[in-house]
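Read through the structure below, which is laid out as structure tokens, and then see the notes.
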Amino acid sequence: MVWSVVRSLAGVRPSLRVPVCGVRSMHATPALGNKGRARKSPKTLLRLYAEGQLKGPEARQAAALLAEQNSEKGLRAPQESDENKSSDTLSLSEARRVIRAVEAARPRNAYELHIVTSVPPNQTNAFRGRISYPKDPRIKGETVLVFAEQGSEAADAAQQVASQLEAQGSSMRLVIGGNDMIGDTVAGRVPSFSRVLCTTSLLPSLSRSLARALGPKGLMPSTKRGTVVEDAEEMHAAIDQLVTGVDWRGDRVGVVRAAVGRISFSEAELRANVQALLDAIIHKAASGLAGTKVSAQVVAGYMRDMTTEQADGQTVQQRSVAAMKRALSIVQQVHLSSTQGPGIRLRLDDVL
């Protein structure tokens, strides 16, 4: 009885249609009206729109792109004008007056120069040097270890220079010794030092004992740096270079930061130091940093090649138009600041 009722109801229910299709028809995509037409790039759309060759949706799309570009240009224009207003530069004398007004109570603070160069990052490891300023900007002197055999000409010359520095009241100190001082240095029984000089005969012993300690600090003597001497004349020259010389180097993006004077310096003294540092940087960059050899004639084309006479009768070395153009290809920006003062961008034609 029950089964007969169920069968009768199943007959009343409409039957479902089962689609009959193959695998290929199941995965087929609907046909597009623009099948086979390649999409145009925004640049192509704008070009065709300007030529009047677009119609319909593509014309509306190109019009929207054009309106978007015009709006971006309108927003960018005030920013560029603000940048131009904020990039006002001063001469060195004007910047010095501003910084002196800020640092009036701190005459021993330093003038600092920040130089932005065009040296590529893959060459900044060799972008360094040593310069002798016309007026030394340092206040604290350095302690130099001089390794020389007792009784040799080099040791006697170092002792003579040490006596002269002490008589002059110089803050530089020379610590002179032979093989015994190598052991004292290893044991840490020497005062803190910032430079090392060595004679040729003691260099092998020094390398065996102190190369691992001095090498990472950049203090290991080397002939290339002029810190390995052989006789009294070379000892005198090396010590003179250490007394007046100051190291400079660029960072990994080619920016050089260095102290070029004190607030108490006169304008002439500050200008001489600024120009000396800029000339050293330009000479180093123009000489080639990637192992390339550059002739001296090419390097001379970047340096000062004109002599002019000022109103007070003094002669000043300046660059010609061609030399200035070459120098500007290396030095892009120069900023002068102080220890606690503002940073001021300098006019390149005034300092170069």
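Lettering and numbering for the structure tokens are positional, with chains as A, B, ... in the shown order, residues counted from 1 in each chain, and ligands counted from 1 in the shown order.
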Spatial neighbours of A:Ala110, 12 Å, only C-alpha atoms, chain gap at least 4 places, as a ChimeraX atom specification: /A:96,99-100,103,106,136-139,258-265,270,336-341
Store the residues of this selection in a file with C-alpha atoms, as a PDB file, in the first residue's frame.
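The resulting file, out.pdb, is shown below:
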ATOM      1  CA  ARG A  96      79.714  82.694   8.241  1.00  0.00           C
ATOM      2  CA  ILE A  99      76.611  80.891  12.034  1.00  0.00           C
ATOM      3  CA  ARG A 100      78.754  83.265  14.121  1.00  0.00           C
ATOM      4  CA  GLU A 103      77.586  80.379  18.000  1.00  0.00           C
ATOM      5  CA  ARG A 106      81.011  79.075  21.694  1.00  0.00           C
ATOM      6  CA  ASP A 136      94.825  73.485  11.256  1.00  0.00           C
ATOM      7  CA  PRO A 137      91.207  73.254  12.521  1.00  0.00           C
ATOM      8  CA  ARG A 138      92.001  70.691  15.208  1.00  0.00           C
ATOM      9  CA  ILE A 139      92.134  71.526  18.907  1.00  0.00           C
ATOM     10  CA  ALA A 258      84.810  67.348   7.494  1.00  0.00           C
ATOM     11  CA  ALA A 259      85.662  70.093   9.967  1.00  0.00           C
ATOM     12  CA  VAL A 260      87.235  73.062   8.179  1.00  0.00           C
ATOM     13  CA  GLY A 261      87.768  75.570  10.968  1.00  0.00           C
ATOM     14  CA  ARG A 262      86.675  77.093  14.269  1.00  0.00           C
ATOM     15  CA  ILE A 263      84.168  79.842  14.941  1.00  0.00           C
ATOM     16  CA  SER A 264      87.089  82.060  15.937  1.00  0.00           C
ATOM     17  CA  PHE A 265      88.671  81.773  12.448  1.00  0.00           C
ATOM     18  CA  LEU A 270      87.924  79.777   6.699  1.00  0.00           C
ATOM     19  CA  LEU A 336      78.275  74.877   5.817  1.00  0.00           C
ATOM     20  CA  SER A 337      77.177  74.260   9.398  1.00  0.00           C
ATOM     21  CA  SER A 338      78.553  74.317  12.919  1.00  0.00           C
ATOM     22  CA  THR A 339      78.458  72.041  15.932  1.00  0.00           C
ATOM     23  CA  GLN A 340      75.162  73.477  17.189  1.00  0.00           C
ATOM     24  CA  GLY A 341      74.220  75.826  14.360  1.00  0.00           C
TER      25      GLY A 341
END
All helix (DSSP H, G or I) residues (DSSP, backbone) inside stretch 17-250 of chain A, as an MDAnalysis selection string: chainID A and resid 23:26 42:50 57:86 92:102 121:126 153:167 179:187 203:214 232:244
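Residue nearest A:Gly245 within the list A:Ser329, A:Ser192, A:Ser132, A:Gln159: A:Ser132 [criterion: smallest interatomic distance, only C-alpha atoms].
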Find the residues around stretch 347-350 of chain A up to 9 Å (only C-alpha atoms counted), leave out those fewer than 3 positions away in its own chain, and share them as an MDAnalysis selection string. chainID A and resid 88:92 324 328 331:334
Can I get the selection written as an mmCIF file, in the first residue's frame, with all heavy atoms?
data_model
loop_
_atom_site.group_PDB
_atom_site.id
_atom_site.type_symbol
_atom_site.label_atom_id
_atom_site.label_comp_id
_atom_site.auth_asym_id
_atom_site.auth_seq_id
_atom_site.Cartn_x
_atom_site.Cartn_y
_atom_site.Cartn_z
ATOM 1 N N ASP A 88 67.401 78.487 -1.568
ATOM 2 C CA ASP A 88 68.191 79.708 -1.659
ATOM 3 C C ASP A 88 69.571 79.459 -1.076
ATOM 4 O O ASP A 88 69.708 78.837 -0.024
ATOM 5 C CB ASP A 88 67.487 80.843 -0.901
ATOM 6 C CG ASP A 88 66.185 81.258 -1.567
ATOM 7 O OD1 ASP A 88 66.037 81.008 -2.786
ATOM 8 O OD2 ASP A 88 65.327 81.803 -0.875
ATOM 9 N N THR A 89 70.581 79.953 -1.740
ATOM 10 C CA THR A 89 71.960 79.758 -1.307
ATOM 11 C C THR A 89 72.560 81.085 -0.877
ATOM 12 O O THR A 89 72.104 82.162 -1.270
ATOM 13 C CB THR A 89 72.791 79.159 -2.450
ATOM 14 O OG1 THR A 89 72.724 80.033 -3.590
ATOM 15 C CG2 THR A 89 72.258 77.789 -2.842
ATOM 16 N N LEU A 90 73.609 80.989 -0.060
ATOM 17 C CA LEU A 90 74.320 82.161 0.443
ATOM 18 C C LEU A 90 75.785 82.049 0.077
ATOM 19 O O LEU A 90 76.305 80.954 -0.184
ATOM 20 C CB LEU A 90 74.172 82.273 1.967
ATOM 21 C CG LEU A 90 72.756 82.450 2.539
ATOM 22 C CD1 LEU A 90 72.824 82.501 4.062
ATOM 23 C CD2 LEU A 90 72.097 83.687 1.993
ATOM 24 N N SER A 91 76.454 83.162 0.071
ATOM 25 C CA SER A 91 77.900 83.152 -0.104
ATOM 26 C C SER A 91 78.557 82.696 1.197
ATOM 27 O O SER A 91 77.910 82.622 2.255
ATOM 28 C CB SER A 91 78.394 84.545 -0.493
ATOM 29 O OG SER A 91 78.162 85.455 0.570
ATOM 30 N N LEU A 92 79.840 82.403 1.134
ATOM 31 C CA LEU A 92 80.533 81.919 2.321
ATOM 32 C C LEU A 92 80.576 82.988 3.411
ATOM 33 O O LEU A 92 80.400 82.678 4.601
ATOM 34 C CB LEU A 92 81.959 81.488 1.944
ATOM 35 C CG LEU A 92 82.814 80.929 3.082
ATOM 36 C CD1 LEU A 92 82.178 79.672 3.654
ATOM 37 C CD2 LEU A 92 84.226 80.626 2.592
ATOM 38 N N MET A 324 85.445 75.508 -14.295
ATOM 39 C CA MET A 324 84.304 75.538 -13.377
ATOM 40 C C MET A 324 83.243 74.537 -13.809
ATOM 41 O O MET A 324 82.632 73.857 -12.968
ATOM 42 C CB MET A 324 83.719 76.949 -13.340
ATOM 43 C CG MET A 324 82.481 77.093 -12.459
ATOM 44 S SD MET A 324 82.826 76.857 -10.703
ATOM 45 C CE MET A 324 83.682 78.403 -10.346
ATOM 46 N N LEU A 328 81.969 71.458 -11.494
ATOM 47 C CA LEU A 328 80.565 71.303 -11.133
ATOM 48 C C LEU A 328 80.031 69.919 -11.482
ATOM 49 O O LEU A 328 79.002 69.500 -10.940
ATOM 50 C CB LEU A 328 79.722 72.374 -11.832
ATOM 51 C CG LEU A 328 79.898 73.805 -11.333
ATOM 52 C CD1 LEU A 328 79.111 74.775 -12.201
ATOM 53 C CD2 LEU A 328 79.473 73.929 -9.880
ATOM 54 N N VAL A 331 81.301 68.243 -7.906
ATOM 55 C CA VAL A 331 80.701 68.814 -6.694
ATOM 56 C C VAL A 331 79.310 69.317 -7.042
ATOM 57 O O VAL A 331 79.152 70.206 -7.881
ATOM 58 C CB VAL A 331 81.571 69.952 -6.134
ATOM 59 C CG1 VAL A 331 80.904 70.572 -4.913
ATOM 60 C CG2 VAL A 331 82.957 69.437 -5.771
ATOM 61 N N GLN A 332 78.299 68.756 -6.406
ATOM 62 C CA GLN A 332 76.915 69.109 -6.699
ATOM 63 C C GLN A 332 76.335 70.088 -5.678
ATOM 64 O O GLN A 332 75.601 70.995 -6.043
ATOM 65 C CB GLN A 332 76.055 67.844 -6.743
ATOM 66 C CG GLN A 332 76.465 66.879 -7.850
ATOM 67 C CD GLN A 332 75.639 65.617 -7.847
ATOM 68 O OE1 GLN A 332 75.019 65.270 -6.841
ATOM 69 N NE2 GLN A 332 75.637 64.901 -8.964
ATOM 70 N N GLN A 333 76.644 69.902 -4.398
ATOM 71 C CA GLN A 333 76.142 70.791 -3.350
ATOM 72 C C GLN A 333 77.206 70.929 -2.269
ATOM 73 O O GLN A 333 77.976 69.986 -2.021
ATOM 74 C CB GLN A 333 74.851 70.255 -2.715
ATOM 75 C CG GLN A 333 73.658 70.195 -3.635
ATOM 76 C CD GLN A 333 72.428 69.676 -2.923
ATOM 77 O OE1 GLN A 333 72.335 69.686 -1.693
ATOM 78 N NE2 GLN A 333 71.453 69.203 -3.697
ATOM 79 N N VAL A 334 77.236 72.096 -1.621
ATOM 80 C CA VAL A 334 78.135 72.352 -0.497
ATOM 81 C C VAL A 334 77.313 73.029 0.593
ATOM 82 O O VAL A 334 76.649 74.048 0.336
ATOM 83 C CB VAL A 334 79.328 73.232 -0.905
ATOM 84 C CG1 VAL A 334 80.212 73.507 0.307
ATOM 85 C CG2 VAL A 334 80.140 72.574 -2.009
#
Just asking: which residues within stretch 59-238 of chain A are strand (DSSP E or B) according to DSSP, as a PyMOL selection string? chain A and resi 90+110-117+128-132+143-147+173-177+195-199+228-229
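Atom pair atom CA of A:Gly183 / atom CA of A:Phe147 has a distance of 11.4 Å (rounded to one decimal).
The protein and nucleic acid residues lying at most 8 Å from A:Gly129 are Asp247, Trp248, Arg249, Ala280 and Lys284 of chain A, with only C-alpha atoms considered and sequence neighbours fewer than 5 positions away removed.
Take the candidates A:Gly301, A:Asp279, A:Thr124, A:Val186 and check each one against A:Arg208 using only C-alpha atoms; the shortest distance goes to A:Val186.
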